[in-house]
Amino acid sequence: MANEKNKKKVGRPNFEPTEEQRKQVETLSGFGIPIEQLCAYININDDTLRKYFSDELVKGKAKANAKIAQTLFNKATGGDTTALIFWAKTQMRWKETDKLEITGKDDGPVEISDAKQKLLAGLINDK
């Protein structure tokens, strides 16, 4: 039994995130830093980052999105036309649509055969 206590564990020691690392991941996640760069920054792999920092990854994005949304909202309600249009399109689902209606003679339907004949006549006359 004494030999079992003296045996060293093989491999890396268990990862223990610090409070400073938690704050860094939350902040950098909010800035939009990609996962692979966060891993390099903390010097851990993707699985470890997601396992130990899942809350910070989500909170960082949520806090950043809330701040941007607040700024956009303040600009829109302050009269910024671009912000108003963006808000209307993304939040109110407004959209710009252009419709082009083509009608035939006397607002009737377009006669495909007439259009085809005119196209062919134009091609023949151009020769």
# chains A, B, ... in the order shown; residues from 1 in each chain; ligands from 1
$ residues_around --residues "range 34-48 of chain A" --least-positions-apart "3" --cutoff "7 Å" --atoms "only C-alpha atoms" --output "PDB file with N, CA and C atoms, in the first residue's frame"
ATOM      1  N   VAL A  25     -12.461  35.240 -19.770  1.00  0.00           N
ATOM      2  CA  VAL A  25     -13.251  34.505 -20.767  1.00  0.00           C
ATOM      3  C   VAL A  25     -14.585  35.210 -20.997  1.00  0.00           C
ATOM      4  N   LYS A  51     -16.306  23.000 -20.854  1.00  0.00           N
ATOM      5  CA  LYS A  51     -16.659  22.340 -19.588  1.00  0.00           C
ATOM      6  C   LYS A  51     -16.593  23.308 -18.401  1.00  0.00           C
ATOM      7  N   TYR A  52     -15.520  24.082 -18.333  1.00  0.00           N
ATOM      8  CA  TYR A  52     -15.295  24.917 -17.155  1.00  0.00           C
ATOM      9  C   TYR A  52     -15.773  26.363 -17.293  1.00  0.00           C
TER      10      TYR A  52
END
$ residues_around --residues "Trp87 in chain A" --least-positions-apart "4" --cutoff "8 Å" --atoms "only C-alpha atoms" --output "PyMOL selection string"
chain A and resi 72-73+76+83+91-92
$ select_by_dssp --residues "range 20-83 of chain A" --states "alpha helix (DSSP H)" --output "PDB file with N, CA and C atoms, in the first residue's frame"
ATOM      1  N   GLU A  20      -9.809  35.142 -12.157  1.00  0.00           N
ATOM      2  CA  GLU A  20      -9.294  36.030 -13.192  1.00  0.00           C
ATOM      3  C   GLU A  20      -9.554  35.437 -14.583  1.00  0.00           C
ATOM      4  N   GLN A  21      -9.335  34.132 -14.745  1.00  0.00           N
ATOM      5  CA  GLN A  21      -9.603  33.474 -16.025  1.00  0.00           C
ATOM      6  C   GLN A  21     -11.093  33.538 -16.369  1.00  0.00           C
ATOM      7  N   ARG A  22     -11.934  33.353 -15.357  1.00  0.00           N
ATOM      8  CA  ARG A  22     -13.382  33.419 -15.593  1.00  0.00           C
ATOM      9  C   ARG A  22     -13.782  34.812 -16.116  1.00  0.00           C
ATOM     10  N   LYS A  23     -13.250  35.851 -15.496  1.00  0.00           N
ATOM     11  CA  LYS A  23     -13.549  37.222 -15.930  1.00  0.00           C
ATOM     12  C   LYS A  23     -13.017  37.473 -17.346  1.00  0.00           C
ATOM     13  N   GLN A  24     -11.807  36.971 -17.614  1.00  0.00           N
ATOM     14  CA  GLN A  24     -11.217  37.162 -18.937  1.00  0.00           C
ATOM     15  C   GLN A  24     -12.053  36.475 -20.018  1.00  0.00           C
ATOM     16  N   VAL A  25     -12.461  35.240 -19.770  1.00  0.00           N
ATOM     17  CA  VAL A  25     -13.251  34.505 -20.767  1.00  0.00           C
ATOM     18  C   VAL A  25     -14.585  35.210 -20.997  1.00  0.00           C
ATOM     19  N   GLU A  26     -15.237  35.663 -19.938  1.00  0.00           N
ATOM     20  CA  GLU A  26     -16.517  36.355 -20.080  1.00  0.00           C
ATOM     21  C   GLU A  26     -16.355  37.627 -20.910  1.00  0.00           C
ATOM     22  N   THR A  27     -15.330  38.410 -20.601  1.00  0.00           N
ATOM     23  CA  THR A  27     -15.096  39.661 -21.325  1.00  0.00           C
ATOM     24  C   THR A  27     -14.748  39.400 -22.785  1.00  0.00           C
ATOM     25  N   LEU A  28     -13.813  38.501 -23.027  1.00  0.00           N
ATOM     26  CA  LEU A  28     -13.371  38.222 -24.399  1.00  0.00           C
ATOM     27  C   LEU A  28     -14.480  37.580 -25.221  1.00  0.00           C
ATOM     28  N   SER A  29     -15.291  36.749 -24.602  1.00  0.00           N
ATOM     29  CA  SER A  29     -16.427  36.157 -25.298  1.00  0.00           C
ATOM     30  C   SER A  29     -17.391  37.249 -25.728  1.00  0.00           C
ATOM     31  N   GLY A  30     -17.606  38.218 -24.873  1.00  0.00           N
ATOM     32  CA  GLY A  30     -18.469  39.347 -25.203  1.00  0.00           C
ATOM     33  C   GLY A  30     -17.930  40.193 -26.347  1.00  0.00           C
ATOM     34  N   ILE A  35     -13.783  30.852 -30.229  1.00  0.00           N
ATOM     35  CA  ILE A  35     -13.466  29.807 -29.247  1.00  0.00           C
ATOM     36  C   ILE A  35     -12.005  29.378 -29.333  1.00  0.00           C
ATOM     37  N   GLU A  36     -11.505  29.126 -30.558  1.00  0.00           N
ATOM     38  CA  GLU A  36     -10.127  28.624 -30.664  1.00  0.00           C
ATOM     39  C   GLU A  36      -9.119  29.642 -30.137  1.00  0.00           C
ATOM     40  N   GLN A  37      -9.422  30.929 -30.266  1.00  0.00           N
ATOM     41  CA  GLN A  37      -8.511  31.941 -29.735  1.00  0.00           C
ATOM     42  C   GLN A  37      -8.632  32.051 -28.218  1.00  0.00           C
ATOM     43  N   LEU A  38      -9.827  31.860 -27.697  1.00  0.00           N
ATOM     44  CA  LEU A  38      -9.986  31.824 -26.234  1.00  0.00           C
ATOM     45  C   LEU A  38      -9.193  30.655 -25.653  1.00  0.00           C
ATOM     46  N   CYS A  39      -9.256  29.512 -26.325  1.00  0.00           N
ATOM     47  CA  CYS A  39      -8.503  28.334 -25.873  1.00  0.00           C
ATOM     48  C   CYS A  39      -7.008  28.635 -25.837  1.00  0.00           C
ATOM     49  N   ALA A  40      -6.514  29.256 -26.899  1.00  0.00           N
ATOM     50  CA  ALA A  40      -5.081  29.598 -26.958  1.00  0.00           C
ATOM     51  C   ALA A  40      -4.725  30.596 -25.861  1.00  0.00           C
ATOM     52  N   TYR A  41      -5.605  31.537 -25.602  1.00  0.00           N
ATOM     53  CA  TYR A  41      -5.355  32.564 -24.591  1.00  0.00           C
ATOM     54  C   TYR A  41      -5.240  31.948 -23.191  1.00  0.00           C
ATOM     55  N   ILE A  42      -6.153  31.034 -22.885  1.00  0.00           N
ATOM     56  CA  ILE A  42      -6.161  30.389 -21.564  1.00  0.00           C
ATOM     57  C   ILE A  42      -5.208  29.193 -21.529  1.00  0.00           C
ATOM     58  N   ASP A  46     -10.592  22.946 -26.448  1.00  0.00           N
ATOM     59  CA  ASP A  46     -11.994  23.316 -26.644  1.00  0.00           C
ATOM     60  C   ASP A  46     -12.913  22.650 -25.606  1.00  0.00           C
ATOM     61  N   ASP A  47     -12.730  21.357 -25.395  1.00  0.00           N
ATOM     62  CA  ASP A  47     -13.585  20.636 -24.438  1.00  0.00           C
ATOM     63  C   ASP A  47     -13.448  21.200 -23.029  1.00  0.00           C
ATOM     64  N   THR A  48     -12.216  21.509 -22.633  1.00  0.00           N
ATOM     65  CA  THR A  48     -11.984  22.055 -21.293  1.00  0.00           C
ATOM     66  C   THR A  48     -12.602  23.440 -21.164  1.00  0.00           C
ATOM     67  N   LEU A  49     -12.453  24.251 -22.200  1.00  0.00           N
ATOM     68  CA  LEU A  49     -13.056  25.592 -22.169  1.00  0.00           C
ATOM     69  C   LEU A  49     -14.562  25.489 -21.983  1.00  0.00           C
ATOM     70  N   ARG A  50     -15.205  24.661 -22.788  1.00  0.00           N
ATOM     71  CA  ARG A  50     -16.665  24.527 -22.707  1.00  0.00           C
ATOM     72  C   ARG A  50     -17.110  23.907 -21.377  1.00  0.00           C
ATOM     73  N   LYS A  51     -16.306  23.000 -20.854  1.00  0.00           N
ATOM     74  CA  LYS A  51     -16.659  22.340 -19.588  1.00  0.00           C
ATOM     75  C   LYS A  51     -16.593  23.308 -18.401  1.00  0.00           C
ATOM     76  N   TYR A  52     -15.520  24.082 -18.333  1.00  0.00           N
ATOM     77  CA  TYR A  52     -15.295  24.917 -17.155  1.00  0.00           C
ATOM     78  C   TYR A  52     -15.773  26.363 -17.293  1.00  0.00           C
ATOM     79  N   PHE A  53     -16.030  26.812 -18.524  1.00  0.00           N
ATOM     80  CA  PHE A  53     -16.384  28.212 -18.732  1.00  0.00           C
ATOM     81  C   PHE A  53     -17.693  28.398 -19.499  1.00  0.00           C
ATOM     82  N   SER A  54     -18.564  27.415 -19.469  1.00  0.00           N
ATOM     83  CA  SER A  54     -19.796  27.514 -20.261  1.00  0.00           C
ATOM     84  C   SER A  54     -20.647  28.713 -19.828  1.00  0.00           C
ATOM     85  N   ASP A  55     -20.754  28.955 -18.541  1.00  0.00           N
ATOM     86  CA  ASP A  55     -21.536  30.112 -18.068  1.00  0.00           C
ATOM     87  C   ASP A  55     -20.919  31.432 -18.531  1.00  0.00           C
ATOM     88  N   GLU A  56     -19.604  31.535 -18.458  1.00  0.00           N
ATOM     89  CA  GLU A  56     -18.925  32.769 -18.843  1.00  0.00           C
ATOM     90  C   GLU A  56     -19.062  33.039 -20.349  1.00  0.00           C
ATOM     91  N   LEU A  57     -19.027  31.976 -21.149  1.00  0.00           N
ATOM     92  CA  LEU A  57     -19.184  32.136 -22.595  1.00  0.00           C
ATOM     93  C   LEU A  57     -20.563  32.710 -22.923  1.00  0.00           C
ATOM     94  N   VAL A  58     -21.595  32.196 -22.259  1.00  0.00           N
ATOM     95  CA  VAL A  58     -22.963  32.671 -22.517  1.00  0.00           C
ATOM     96  C   VAL A  58     -23.176  34.068 -21.938  1.00  0.00           C
ATOM     97  N   LYS A  59     -22.725  34.281 -20.702  1.00  0.00           N
ATOM     98  CA  LYS A  59     -22.908  35.591 -20.059  1.00  0.00           C
ATOM     99  C   LYS A  59     -22.186  36.696 -20.812  1.00  0.00           C
ATOM    100  N   GLY A  60     -20.988  36.419 -21.291  1.00  0.00           N
ATOM    101  CA  GLY A  60     -20.229  37.425 -22.025  1.00  0.00           C
ATOM    102  C   GLY A  60     -20.981  37.899 -23.256  1.00  0.00           C
ATOM    103  N   LYS A  61     -21.519  36.955 -24.028  1.00  0.00           N
ATOM    104  CA  LYS A  61     -22.295  37.313 -25.223  1.00  0.00           C
ATOM    105  C   LYS A  61     -23.559  38.073 -24.839  1.00  0.00           C
ATOM    106  N   ALA A  62     -24.243  37.589 -23.810  1.00  0.00           N
ATOM    107  CA  ALA A  62     -25.505  38.225 -23.399  1.00  0.00           C
ATOM    108  C   ALA A  62     -25.278  39.665 -22.941  1.00  0.00           C
ATOM    109  N   LYS A  63     -24.236  39.886 -22.163  1.00  0.00           N
ATOM    110  CA  LYS A  63     -23.946  41.243 -21.679  1.00  0.00           C
ATOM    111  C   LYS A  63     -23.594  42.170 -22.842  1.00  0.00           C
ATOM    112  N   ALA A  64     -22.790  41.670 -23.779  1.00  0.00           N
ATOM    113  CA  ALA A  64     -22.413  42.499 -24.935  1.00  0.00           C
ATOM    114  C   ALA A  64     -23.632  42.808 -25.791  1.00  0.00           C
ATOM    115  N   ASN A  65     -24.458  41.803 -26.047  1.00  0.00           N
ATOM    116  CA  ASN A  65     -25.666  42.016 -26.849  1.00  0.00           C
ATOM    117  C   ASN A  65     -26.610  43.002 -26.177  1.00  0.00           C
ATOM    118  N   ALA A  66     -26.726  42.924 -24.868  1.00  0.00           N
ATOM    119  CA  ALA A  66     -27.598  43.844 -24.139  1.00  0.00           C
ATOM    120  C   ALA A  66     -27.091  45.284 -24.252  1.00  0.00           C
ATOM    121  N   LYS A  67     -25.786  45.446 -24.160  1.00  0.00           N
ATOM    122  CA  LYS A  67     -25.214  46.794 -24.253  1.00  0.00           C
ATOM    123  C   LYS A  67     -25.403  47.378 -25.653  1.00  0.00           C
ATOM    124  N   ILE A  68     -25.173  46.563 -26.670  1.00  0.00           N
ATOM    125  CA  ILE A  68     -25.368  47.017 -28.058  1.00  0.00           C
ATOM    126  C   ILE A  68     -26.846  47.335 -28.298  1.00  0.00           C
ATOM    127  N   ALA A  69     -27.723  46.463 -27.818  1.00  0.00           N
ATOM    128  CA  ALA A  69     -29.162  46.688 -27.989  1.00  0.00           C
ATOM    129  C   ALA A  69     -29.586  47.984 -27.304  1.00  0.00           C
ATOM    130  N   GLN A  70     -29.060  48.252 -26.132  1.00  0.00           N
ATOM    131  CA  GLN A  70     -29.388  49.490 -25.415  1.00  0.00           C
ATOM    132  C   GLN A  70     -28.934  50.708 -26.208  1.00  0.00           C
ATOM    133  N   THR A  71     -27.732  50.639 -26.767  1.00  0.00           N
ATOM    134  CA  THR A  71     -27.214  51.753 -27.563  1.00  0.00           C
ATOM    135  C   THR A  71     -28.073  51.974 -28.800  1.00  0.00           C
ATOM    136  N   LEU A  72     -28.410  50.885 -29.488  1.00  0.00           N
ATOM    137  CA  LEU A  72     -29.261  50.981 -30.672  1.00  0.00           C
ATOM    138  C   LEU A  72     -30.624  51.558 -30.305  1.00  0.00           C
ATOM    139  N   PHE A  73     -31.203  51.070 -29.222  1.00  0.00           N
ATOM    140  CA  PHE A  73     -32.507  51.553 -28.777  1.00  0.00           C
ATOM    141  C   PHE A  73     -32.451  53.048 -28.471  1.00  0.00           C
ATOM    142  N   ASN A  74     -31.412  53.475 -27.768  1.00  0.00           N
ATOM    143  CA  ASN A  74     -31.271  54.897 -27.433  1.00  0.00           C
ATOM    144  C   ASN A  74     -31.127  55.755 -28.688  1.00  0.00           C
ATOM    145  N   LYS A  75     -30.371  55.266 -29.654  1.00  0.00           N
ATOM    146  CA  LYS A  75     -30.216  56.012 -30.907  1.00  0.00           C
ATOM    147  C   LYS A  75     -31.545  56.077 -31.659  1.00  0.00           C
ATOM    148  N   ALA A  76     -32.244  54.947 -31.725  1.00  0.00           N
ATOM    149  CA  ALA A  76     -33.523  54.915 -32.452  1.00  0.00           C
ATOM    150  C   ALA A  76     -34.548  55.835 -31.800  1.00  0.00           C
ATOM    151  N   THR A  77     -34.665  55.764 -30.486  1.00  0.00           N
ATOM    152  CA  THR A  77     -35.648  56.602 -29.809  1.00  0.00           C
ATOM    153  C   THR A  77     -35.202  58.065 -29.768  1.00  0.00           C
ATOM    154  N   THR A  81     -32.170  58.104 -37.813  1.00  0.00           N
ATOM    155  CA  THR A  81     -32.951  57.463 -38.874  1.00  0.00           C
ATOM    156  C   THR A  81     -32.424  56.073 -39.212  1.00  0.00           C
ATOM    157  N   THR A  82     -31.117  55.931 -39.316  1.00  0.00           N
ATOM    158  CA  THR A  82     -30.542  54.622 -39.638  1.00  0.00           C
ATOM    159  C   THR A  82     -30.890  53.602 -38.555  1.00  0.00           C
ATOM    160  N   ALA A  83     -30.772  53.997 -37.314  1.00  0.00           N
ATOM    161  CA  ALA A  83     -31.110  53.096 -36.204  1.00  0.00           C
ATOM    162  C   ALA A  83     -32.597  52.760 -36.212  1.00  0.00           C
TER     163      ALA A  83
END
$ atom_distance --atom1 "CA of Thr97 in chain A" --atom2 "CA of Val110 in chain A"
22.8 Å
